[in-house]
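Structure file entry37.tsv; described as TSV, C-alpha atoms.
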chain	number	residue	atom	x	y	z
A	1	MET	CA	0.00	0.00	0.00
A	2	SER	CA	1.39	3.41	-0.96
A	3	CYS	CA	1.18	6.71	0.91
A	4	GLN	CA	-0.78	8.06	-2.05
A	5	TYR	CA	-3.36	5.32	-1.58
A	6	VAL	CA	-3.65	6.18	2.12
A	7	LYS	CA	-4.17	9.82	1.22
A	8	GLN	CA	-6.94	8.89	-1.19
A	9	ARG	CA	-8.73	6.55	1.18
A	10	CYS	CA	-8.12	8.23	4.52
A	11	ASP	CA	-11.68	9.61	4.68
A	12	GLU	CA	-13.08	6.10	4.35
A	13	TYR	CA	-10.68	4.84	7.00
A	14	ILE	CA	-11.75	7.60	9.40
A	15	ASP	CA	-15.39	6.88	8.61
A	16	ASN	CA	-14.76	3.20	9.25
A	17	SER	CA	-16.18	2.35	5.86
A	18	LEU	CA	-13.27	0.31	4.48
A	19	SER	CA	-13.67	-3.43	4.18
A	20	GLU	CA	-12.14	-5.56	6.93
A	21	VAL	CA	-9.23	-6.56	4.72
A	22	GLU	CA	-8.59	-3.03	3.48
A	23	ASN	CA	-8.74	-1.79	7.04
A	24	MET	CA	-6.13	-4.31	8.14
A	25	ILE	CA	-3.76	-3.43	5.28
A	26	PHE	CA	-4.34	0.26	6.02
A	27	LYS	CA	-3.39	-0.23	9.68
A	28	GLU	CA	-0.28	-2.18	8.73
A	29	HIS	CA	0.82	0.73	6.58
A	30	LEU	CA	0.15	3.23	9.38
A	31	ASP	CA	2.31	1.18	11.76
A	32	LYS	CA	5.22	1.48	9.37
A	33	CYS	CA	4.75	5.01	8.05
A	34	PRO	CA	5.02	7.84	10.59
A	35	THR	CA	3.92	10.48	8.04
A	36	CYS	CA	0.63	8.75	7.22
A	37	HIS	CA	0.16	7.86	10.88
A	38	GLU	CA	0.51	11.52	11.83
A	39	GLN	CA	-1.92	12.61	9.12
A	40	ILE	CA	-4.59	10.16	10.23
A	41	GLN	CA	-4.03	11.07	13.87
A	42	GLN	CA	-4.53	14.75	13.06
A	43	ALA	CA	-7.75	14.03	11.20
A	44	GLN	CA	-9.07	11.95	14.09
A	45	GLN	CA	-8.06	14.62	16.56
A	46	ILE	CA	-10.03	17.27	14.63
A	47	ARG	CA	-13.03	15.02	14.51
A	48	GLU	CA	-12.79	14.44	18.25
A	49	ALA	CA	-12.54	18.17	18.87
A	50	LEU	CA	-15.64	18.78	16.75
A	51	HIS	CA	-17.54	16.38	18.96
A	52	ASN	CA	-16.26	18.14	22.07
A	53	MET	CA	-17.51	21.57	21.06
A	54	ASP	CA	-19.97	22.84	23.60
A	55	ILE	CA	-23.44	23.96	22.63
A	56	PRO	CA	-25.19	26.18	25.18
A	57	PRO	CA	-28.29	24.41	26.47
A	58	MET	CA	-31.56	25.37	24.85
A	59	ARG	CA	-33.61	27.83	26.89
A	60	SER	CA	-36.39	25.99	28.72
A	61	GLU	CA	-39.15	28.12	27.20
A	62	PHE	CA	-37.70	28.12	23.70
A	63	ALA	CA	-39.55	25.08	22.32
A	64	GLN	CA	-42.98	26.38	23.27
A	65	GLN	CA	-42.11	29.91	22.23
A	66	VAL	CA	-40.89	28.92	18.79
A	67	ILE	CA	-43.95	26.73	18.14
A	68	ASN	CA	-46.35	29.44	19.30
A	69	ASN	CA	-44.63	32.06	17.15
A	70	ALA	CA	-44.90	29.85	14.07
A	71	VAL	CA	-48.60	29.20	14.65
A	72	GLN	CA	-49.26	32.85	15.40
A	73	HIS	CA	-47.39	33.92	12.30
A	74	HIS	CA	-49.91	32.10	10.13
A	75	GLU	CA	-53.05	32.22	12.22
A	76	THR	CA	-53.07	35.83	13.38
A	77	ALA	CA	-54.85	38.39	11.24
A	78	LYS	CA	-52.38	39.47	8.57
A	79	PRO	CA	-52.31	43.27	8.94
A	80	ASN	CA	-51.49	43.20	12.66
A	81	LEU	CA	-48.99	40.48	12.22
A	82	TYR	CA	-47.24	42.32	9.45
A	83	LYS	CA	-46.91	45.35	11.65
A	84	GLY	CA	-45.55	43.25	14.50
A	85	LEU	CA	-43.10	41.57	12.23
A	86	SER	CA	-41.75	44.79	10.90
A	87	LEU	CA	-40.94	45.89	14.41
A	88	ALA	CA	-39.37	42.58	15.27
A	89	LEU	CA	-37.25	42.64	12.17
A	90	ALA	CA	-35.75	45.94	13.10
A	91	ALA	CA	-34.54	44.30	16.27
A	92	SER	CA	-31.56	42.64	14.74
A	93	LEU	CA	-31.06	44.08	11.31
A	94	VAL	CA	-30.40	47.76	11.13
A	95	PHE	CA	-30.54	49.46	7.79
A	96	VAL	CA	-28.25	52.39	7.25
A	97	ALA	CA	-28.19	54.45	4.07
A	98	MET	CA	-24.79	55.71	2.96
A	99	THR	CA	-24.62	58.32	0.30
A	100	GLY	CA	-21.42	57.22	-1.35
A	101	LEU	CA	-18.63	59.71	-1.06
A	102	TYR	CA	-20.92	62.45	0.07
A	103	PHE	CA	-20.37	62.34	3.81
A	104	ASN	CA	-21.49	65.52	5.42
A	105	GLN	CA	-21.04	66.74	8.95
A	106	PRO	CA	-21.24	64.05	11.61
A	107	VAL	CA	-24.75	62.71	11.59
A	108	ILE	CA	-26.29	60.55	14.25
A	109	GLU	CA	-28.95	58.17	13.07
A	110	ASP	CA	-31.02	56.37	15.67
A	111	SER	CA	-32.42	52.91	15.26
A	112	PRO	CA	-35.23	51.18	17.17
A	113	ALA	CA	-33.84	49.56	20.34
A	114	ILE	CA	-32.61	45.98	20.03
A	115	VAL	CA	-33.32	43.60	22.90
A	116	ILE	CA	-30.71	41.09	24.04
A	117	GLY	CA	-31.03	38.60	26.90
A	118	LEU	CA	-28.55	39.00	29.74
A	119	ASN	CA	-25.33	37.05	29.07
A	120	GLN	CA	-26.60	36.12	25.63
A	121	THR	CA	-25.09	36.97	22.29
A	122	LYS	CA	-27.08	38.34	19.39
A	123	ASN	CA	-25.75	38.90	15.93
A	124	VAL	CA	-26.67	42.49	15.19
A	125	LYS	CA	-26.28	43.15	11.51
A	126	LEU	CA	-25.67	46.61	10.21
A	127	LEU	CA	-26.64	46.97	6.62
A	128	PHE	CA	-24.78	49.74	4.82
A	129	ASP	CA	-26.18	50.73	1.48
A	130	ALA	CA	-23.44	52.47	-0.49
A	131	LYS	CA	-24.19	54.25	-3.73
A	132	ASP	CA	-20.60	53.86	-4.94
A	133	ASN	CA	-17.53	51.80	-4.17
A	134	ILE	CA	-15.65	53.50	-1.34
A	135	ASP	CA	-12.04	52.52	-0.64
A	136	ASN	CA	-10.18	53.05	2.59
A	137	VAL	CA	-13.07	53.60	4.93
A	138	SER	CA	-12.12	53.78	8.58
A	139	ILE	CA	-14.69	51.92	10.66
A	140	SER	CA	-14.91	52.07	14.41
A	141	ILE	CA	-17.32	50.36	16.75
A	142	GLU	CA	-17.76	51.65	20.26
A	143	LEU	CA	-19.72	49.76	22.89
A	144	SER	CA	-21.21	50.96	26.16
A	145	GLU	CA	-20.07	49.42	29.44
A	146	ASN	CA	-22.81	46.78	29.59
A	147	LEU	CA	-22.03	45.36	26.15
A	148	THR	CA	-19.17	43.42	24.68
A	149	LEU	CA	-18.29	41.97	21.31
A	150	ALA	CA	-18.15	38.17	21.67
A	151	GLY	CA	-14.63	36.92	21.10
A	152	TYR	CA	-12.92	40.28	21.49
A	153	ASN	CA	-12.02	40.28	25.14
A	154	ASN	CA	-14.30	43.02	26.33
A	155	SER	CA	-12.77	45.70	24.09
A	156	LYS	CA	-14.99	48.77	24.07
A	157	LEU	CA	-13.49	50.37	20.98
A	158	ILE	CA	-12.52	48.48	17.87
A	159	SER	CA	-11.28	50.18	14.72
A	160	TRP	CA	-10.07	48.97	11.37
A	161	ASN	CA	-9.90	50.01	7.73
A	162	SER	CA	-11.99	48.43	5.07
A	163	GLN	CA	-13.84	49.24	1.88
A	164	LEU	CA	-17.48	49.47	0.94
A	165	GLN	CA	-18.70	48.11	-2.31
A	166	LYS	CA	-21.53	49.61	-4.26
A	167	GLY	CA	-24.80	48.18	-2.92
A	168	GLN	CA	-25.52	46.52	0.39
A	169	ASN	CA	-22.67	45.76	2.79
A	170	VAL	CA	-23.37	43.77	5.94
A	171	LEU	CA	-21.37	44.16	9.11
A	172	ALA	CA	-22.25	41.40	11.58
A	173	LEU	CA	-21.55	42.27	15.22
A	174	PRO	CA	-21.86	39.41	17.75
A	175	ILE	CA	-22.97	41.60	20.65
A	176	MET	CA	-23.20	40.17	24.14
A	177	ALA	CA	-25.05	41.88	27.00
A	178	THR	CA	-23.10	41.58	30.25
A	179	GLU	CA	-25.23	43.78	32.51
A	180	PHE	CA	-28.84	44.88	32.70
A	181	GLY	CA	-29.81	48.27	31.41
A	182	LYS	CA	-29.81	50.43	28.35
A	183	GLY	CA	-26.72	50.41	26.23
A	184	GLU	CA	-25.62	51.53	22.84
A	185	VAL	CA	-23.33	50.70	20.00
A	186	ILE	CA	-21.87	53.56	18.03
A	187	ALA	CA	-20.64	52.81	14.54
A	188	ARG	CA	-18.50	55.49	12.90
A	189	LEU	CA	-17.43	55.52	9.29
A	190	GLU	CA	-14.79	57.92	8.11
A	191	HIS	CA	-13.53	58.59	4.62
A	192	GLY	CA	-11.53	61.47	3.21
A	193	GLY	CA	-11.92	63.60	6.30
A	194	LYS	CA	-15.68	63.21	6.39
A	195	ASN	CA	-17.54	60.95	8.72
A	196	LYS	CA	-20.90	59.58	9.62
A	197	THR	CA	-22.03	58.16	12.96
A	198	PHE	CA	-24.78	55.69	13.69
A	199	LEU	CA	-26.27	54.95	17.07
A	200	ILE	CA	-27.83	51.59	17.83
A	201	GLN	CA	-29.66	51.27	21.13
A	202	ILE	CA	-29.45	47.94	22.91
A	203	ASN	CA	-31.62	46.99	25.89
A	204	THR	CA	-30.78	44.05	28.08
A	205	GLN	CA	-33.53	41.89	29.49
A	206	GLN	CA	-33.83	38.69	31.47
A	207	GLY	CA	-33.86	35.60	29.24
A	208	GLY	CA	-33.46	35.56	25.50
A	209	SER	CA	-35.34	37.23	22.74
A	210	THR	CA	-36.57	35.35	19.76
A	211	ARG	CA	-37.56	37.09	16.61
A	212	ASN	CA	-40.61	35.75	14.86
A	213	ASN	CA	-39.52	36.88	11.47
A	214	LEU	CA	-39.04	34.93	8.31
A	215	ASN	CA	-38.19	37.30	5.54
A	216	PRO	CA	-34.83	39.01	5.50
A	217	ASP	CA	-36.21	42.48	4.97
A	218	PHE	CA	-35.61	45.44	7.25
A	219	THR	CA	-36.83	48.78	8.41
A	220	PRO	CA	-35.01	51.75	6.91
A	221	LEU	CA	-33.83	54.49	9.25
A	222	ASN	CA	-33.93	58.15	8.31
A	223	VAL	CA	-32.91	57.49	4.76
B	224	MET	CA	-55.22	4.03	14.85
B	225	SER	CA	-52.10	6.06	15.42
B	226	LEU	CA	-52.11	9.21	17.40
B	227	ILE	CA	-51.09	11.13	14.30
B	228	ASN	CA	-54.05	9.86	12.30
B	229	LEU	CA	-56.40	10.69	15.14
B	230	TRP	CA	-55.12	14.24	15.24
B	231	SER	CA	-55.49	14.50	11.47
B	232	ARG	CA	-59.10	13.47	11.65
B	233	LYS	CA	-59.76	16.16	14.20
B	234	GLN	CA	-58.09	18.57	11.84
B	235	ASP	CA	-56.51	20.23	14.77
B	236	LYS	CA	-53.66	21.66	12.86
B	237	GLN	CA	-52.03	23.55	15.69
B	238	GLN	CA	-51.91	20.58	18.02
B	239	LEU	CA	-50.77	18.31	15.24
B	240	PHE	CA	-48.01	20.77	14.40
B	241	GLU	CA	-46.90	20.88	18.02
B	242	SER	CA	-47.06	17.14	18.53
B	243	LEU	CA	-45.00	16.55	15.41
B	244	LEU	CA	-42.35	19.19	16.06
B	245	ALA	CA	-41.95	19.31	19.84
B	246	PRO	CA	-39.81	16.15	20.07
B	247	TYR	CA	-37.33	17.59	17.57
B	248	ILE	CA	-36.93	21.20	18.71
B	249	GLU	CA	-33.89	20.55	20.87
B	250	HIS	CA	-32.21	18.53	18.14
B	251	LEU	CA	-32.97	21.27	15.60
B	252	TYR	CA	-31.62	23.92	17.95
B	253	LYS	CA	-28.35	21.98	18.34
B	254	LEU	CA	-28.01	21.45	14.61
B	255	ALA	CA	-28.82	25.10	13.95
B	256	TYR	CA	-26.23	26.13	16.54
B	257	ARG	CA	-23.62	24.01	14.78
B	258	PHE	CA	-24.54	25.63	11.48
B	259	ARG	CA	-24.73	29.21	12.74
B	260	GLY	CA	-22.24	29.21	15.61
B	261	ASN	CA	-24.17	31.29	18.12
B	262	GLN	CA	-27.34	30.98	20.14
B	263	ALA	CA	-29.24	33.98	18.78
B	264	ASP	CA	-28.78	33.01	15.13
B	265	ALA	CA	-29.50	29.36	15.93
B	266	GLU	CA	-32.78	30.33	17.57
B	267	ASP	CA	-33.68	32.53	14.62
B	268	LEU	CA	-32.90	29.74	12.17
B	269	VAL	CA	-35.16	27.32	14.05
B	270	GLN	CA	-37.87	29.96	14.20
B	271	ASP	CA	-37.64	30.54	10.46
B	272	LEU	CA	-37.81	26.80	9.89
B	273	LEU	CA	-40.98	26.39	11.95
B	274	ILE	CA	-42.66	29.31	10.23
B	275	LYS	CA	-41.91	27.64	6.92
B	276	LEU	CA	-43.16	24.28	8.16
B	277	TYR	CA	-46.51	25.25	9.63
B	278	PRO	CA	-48.30	25.34	6.25
B	279	ARG	CA	-46.82	21.88	5.58
B	280	THR	CA	-48.21	20.30	8.76
B	281	GLN	CA	-50.36	17.80	6.88
B	282	GLU	CA	-47.44	16.80	4.67
B	283	MET	CA	-45.25	16.36	7.75
B	284	SER	CA	-47.74	14.00	9.35
B	285	GLY	CA	-47.18	11.63	6.42
B	286	VAL	CA	-43.39	11.66	6.64
B	287	GLU	CA	-42.16	8.33	7.96
B	288	ASN	CA	-38.82	9.48	9.37
B	289	LEU	CA	-39.15	13.11	10.31
B	290	LYS	CA	-35.64	13.80	11.63
B	291	PRO	CA	-33.73	13.63	8.31
B	292	TRP	CA	-36.63	15.38	6.61
B	293	LEU	CA	-36.40	18.29	9.05
B	294	ASP	CA	-32.60	18.32	8.92
B	295	LYS	CA	-32.75	18.60	5.16
B	296	ILE	CA	-35.04	21.62	5.25
B	297	LEU	CA	-32.99	23.25	7.98
B	298	TYR	CA	-29.86	22.68	5.92
B	299	HIS	CA	-31.38	24.31	2.84
B	300	LEU	CA	-32.61	27.23	4.91
B	301	PHE	CA	-29.12	27.69	6.34
B	302	ILE	CA	-27.54	27.56	2.89
B	303	ASP	CA	-30.04	30.17	1.64
B	304	GLN	CA	-29.18	32.46	4.55
B	305	LYS	CA	-25.44	32.06	3.97
B	306	ARG	CA	-25.79	32.79	0.29
B	307	LYS	CA	-27.75	35.95	1.01
B	308	GLU	CA	-25.15	37.00	3.55
B	309	SER	CA	-22.26	36.22	1.22
B	310	ARG	CA	-23.56	38.72	-1.31
B	311	SER	CA	-22.51	41.40	1.16
B	312	PRO	CA	-18.78	41.92	0.86
B	313	ILE	CA	-17.99	43.38	4.27
B	314	ASN	CA	-17.52	41.21	7.30
B	315	LEU	CA	-15.65	41.62	10.52
B	316	LYS	CA	-12.25	40.10	9.89
B	317	SER	CA	-11.05	38.46	13.05
B	318	GLU	CA	-7.42	39.09	12.16
B	319	ASP	CA	-8.08	42.83	11.78
B	320	LEU	CA	-9.75	42.92	15.15
B	321	ASP	CA	-7.11	40.80	16.83
B	322	GLU	CA	-4.50	43.27	15.66
B	323	ASN	CA	-6.27	46.01	17.56
B	324	THR	CA	-7.20	44.13	20.66
B	325	GLU	CA	-4.50	41.59	21.39
B	326	THR	CA	-2.16	43.86	23.33
B	327	ASN	CA	-4.94	44.88	25.69
B	328	HIS	CA	-5.41	41.38	27.01
B	329	PRO	CA	-2.44	40.10	29.00
B	330	LEU	CA	-4.66	37.43	30.52
B	331	THR	CA	-4.35	35.48	27.30
B	332	PHE	CA	-0.81	34.56	28.41
B	333	ILE	CA	-2.12	32.49	31.31
B	334	ASN	CA	-1.99	28.92	30.15
B	335	THR	CA	-3.91	26.44	32.21
B	336	GLN	CA	-4.73	23.13	30.68
B	337	SER	CA	-8.43	23.84	30.37
B	338	GLN	CA	-7.80	27.24	28.81
B	339	GLU	CA	-5.62	25.62	26.17
B	340	ASN	CA	-8.22	23.00	25.59
B	341	ASP	CA	-10.91	25.67	25.23
B	342	ARG	CA	-8.71	27.71	22.96
B	343	TYR	CA	-8.08	24.75	20.70
B	344	LEU	CA	-11.80	24.02	20.54
B	345	GLU	CA	-12.33	27.68	19.66
B	346	GLN	CA	-9.73	27.34	16.91
B	347	VAL	CA	-11.56	24.31	15.60
B	348	PHE	CA	-14.77	26.28	15.64
B	349	GLN	CA	-13.16	29.19	13.82
B	350	ALA	CA	-11.59	26.84	11.28
B	351	LEU	CA	-14.98	25.29	10.69
B	352	ASN	CA	-16.34	28.73	9.94
B	353	GLU	CA	-13.55	29.32	7.43
B	354	LEU	CA	-14.97	26.55	5.27
B	355	ASN	CA	-17.49	27.46	2.65
B	356	SER	CA	-21.08	26.75	3.62
B	357	ASP	CA	-21.28	23.53	1.58
B	358	GLN	CA	-18.13	22.11	3.20
B	359	HIS	CA	-19.13	23.40	6.63
B	360	SER	CA	-22.55	21.78	6.57
B	361	LEU	CA	-21.17	18.53	5.14
B	362	ILE	CA	-18.73	18.22	8.06
B	363	ILE	CA	-21.56	18.88	10.49
B	364	LEU	CA	-24.04	16.50	8.92
B	365	HIS	CA	-21.52	13.73	8.27
B	366	ASP	CA	-18.96	13.97	11.07
B	367	LEU	CA	-21.22	15.24	13.83
B	368	GLU	CA	-24.74	14.15	12.97
B	369	GLY	CA	-23.56	10.82	11.62
B	370	TYR	CA	-25.34	10.81	8.27
B	371	THR	CA	-23.62	8.50	5.81
B	372	LEU	CA	-22.59	9.84	2.43
B	373	SER	CA	-25.29	7.70	0.81
B	374	GLU	CA	-27.92	9.27	3.04
B	375	LEU	CA	-26.53	12.70	2.32
B	376	GLU	CA	-26.63	12.02	-1.40
B	377	GLN	CA	-30.42	11.99	-1.06
B	378	MET	CA	-30.67	14.69	1.53
B	379	LEU	CA	-28.44	17.23	-0.19
B	380	GLU	CA	-29.42	16.14	-3.70
B	381	THR	CA	-25.74	15.93	-4.59
B	382	PRO	CA	-23.93	13.00	-6.25
B	383	ILE	CA	-21.90	10.87	-3.85
B	384	GLY	CA	-18.69	11.46	-5.82
B	385	THR	CA	-19.07	15.20	-5.32
B	386	LEU	CA	-19.71	14.68	-1.63
B	387	LYS	CA	-16.61	12.50	-1.26
B	388	SER	CA	-14.34	15.07	-2.84
B	389	ARG	CA	-16.05	17.88	-0.92
B	390	LEU	CA	-15.49	16.01	2.34
B	391	ASN	CA	-11.87	15.37	1.43
B	392	ARG	CA	-11.28	19.04	0.67
B	393	ALA	CA	-13.11	20.15	3.80
B	394	ARG	CA	-11.11	17.87	6.08
B	395	GLY	CA	-7.90	18.84	4.27
B	396	LYS	CA	-8.64	22.51	4.81
B	397	LEU	CA	-9.44	21.98	8.48
B	398	ARG	CA	-6.12	20.16	8.91
B	399	GLU	CA	-4.33	22.93	7.08
B	400	LEU	CA	-5.92	25.60	9.26
B	401	LEU	CA	-5.41	23.78	12.53
B	402	MET	CA	-2.01	22.24	12.09
B	403	GLU	CA	-0.15	25.49	11.59
B	404	PRO	CA	2.87	25.99	13.86
B	405	ASN	CA	1.07	28.49	16.09
B	406	SER	CA	-1.98	26.38	16.69
B	407	ASN	CA	-2.67	24.73	20.02
B	408	SER	CA	-3.20	21.39	18.34
B	409	GLN	CA	0.00	19.77	19.50
B	410	ARG	CA	-0.62	20.70	23.11
B	411	TYR	CA	-4.21	19.53	22.74
B	412	LYS	CA	-2.98	16.23	21.39
B	413	GLN	CA	-0.70	15.79	24.39
B	414	MET	CA	-3.53	16.62	26.75
B	415	ARG	CA	-5.85	14.11	25.13
B	416	GLY	CA	-3.07	11.48	25.46

In structure tokens, how does this file's structure come out?
Amino acid sequence: MSCQYVKQRCDEYIDNSLSEVENMIFKEHLDKCPTCHEQIQQAQQIREALHNMDIPPMRSEFAQQVINNAVQHHETAKPNLYKGLSLALAASLVFVAMTGLYFNQPVIEDSPAIVIGLNQTKNVKLLFDAKDNIDNVSISIELSENLTLAGYNNSKLISWNSQLQKGQNVLALPIMATEFGKGEVIARLEHGGKNKTFLIQINTQQGGSTRNNLNPDFTPLNV
Amino acid sequence: MSLINLWSRKQDKQQLFESLLAPYIEHLYKLAYRFRGNQADAEDLVQDLLIKLYPRTQEMSGVENLKPWLDKILYHLFIDQKRKESRSPINLKSEDLDENTETNHPLTFINTQSQENDRYLEQVFQALNELNSDQHSLIILHDLEGYTLSELEQMLETPIGTLKSRLNRARGKLRELLMEPNSNSQRYKQMRG
């Protein structure tokens, strides 16, 4: 058996889908070949790690909540539901209109408050609609004391340079609420000495919040 | 007469819907979490799935094995979401953010065994997210959920040959991402014996 053969069949070996004879020959090769042995060991180690990844337990009320929302979505009178949905949608997807290169004086645009459960993370998506391609945009995200960006060690100010492409640009912020109360996220975009500021209000509440939306539309803000 | 048939005769759609779905919500949440990587998005994905399914309650009651049927729809919903998201070119780049934040966090130098273990698992999770959505979901469905490639051929409506090469590339990329010199994999390996 060659190393090339091992490389080709290693997925089947890991999946335990080789025949008994093939499996035996495969093992014999691994005993003699440290390179192939190492490769298989690495693959098994990754697979083991995947199995060990923690999943936070489901909230106790989630099952009932998600079923009720689905039923309500279809059974409730349409006009009211539509209105309710529009509000819910704004909760995690914020639409921001950018007017290409034409930044004016600093502008603060408010969005409807987003609700996040205490110690829970919600992906808040900022949707920037750019009329042109914009290179070298300086982006900064500032978080109030009761909020943190999951995975970024409680940093309250994060800045980097990027570019906007013509059309919709999504910035996904995994925001975690660490304390009760009202908080805010300030997103600043700067280009060529001009800047624009957006304010997103975040309220923390006990337990999680579940949107009952289906369609990926959004509520525009002060366009 | 089965409970499901009895419910159908009563035409109690809401109760039928609940009785069909309730046993699978936790499983769907876990699968959605593995697809999406965080609780809020996982909950939203499950919610979207159930909203889609309610009009198909009657159809569901006739499905013999509901779990793979639900997994398949959840998978397609996830892929749709990812494709919509991928049309937007700007994302937070973790390396950009690390550059700005790393020096502020001396605690990262403390190396206890469990922290290293956690960090490696985090690396695995990040590496998984580096895969494209087809590769990502194949690893989850095959390696974690235990679907065979033959089952996935039906579920994903993709020829088995394509799935084999996709799996090979996905595992290769994970190895590549995780076996770099700076990764914690070697220490993890020692810890796991």

Mind listing as a VMD selection string which residues of chain A are within 8 Å of chain B, counting all atoms listed in the file?
-> chain A and resid 11 42 to 43 45 to 47 49 to 53 55 to 56 58 63 to 64 66 to 67 69 to 71 73 to 74 120 to 123 152 to 153 155 158 to 160 162 to 165 168 to 173 209 to 214

Name the residues in contact with B:Asp357 at a cut-off of 10 Å, using all atoms listed in the file, excluding same-chain residues fewer than 2 positions from it; report them as a PyMOL selection string.
-> chain B and resi 298+302+305+354-355+359-362+379+386+389-390+393

Would you work out the distance separating atom CA of B:Pro291 from atom CA of B:Met378, expressed in Å to one decimal?
-> 7.5 Å

Skip A:Glu190 itself and residues of its chain fewer than 6 positions away, then list as number ranges by chain all residues within 9 Å of it, counting all atoms listed in the file.
-> A: 103, 136-140, 196-197

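Relative to atom CA of A:Gly117, atom CA of A:Gln205 is found at 4.9 Å.
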
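Distances here use all atoms listed in the file; by that measure, the residue among A:His191, A:Tyr5, A:Pro34, A:Ala177 closest to A:Asp135 is A:His191.
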
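Atom to atom, atom CA of B:Arg259 and atom CA of B:Gly285 stand 29.2 Å apart.
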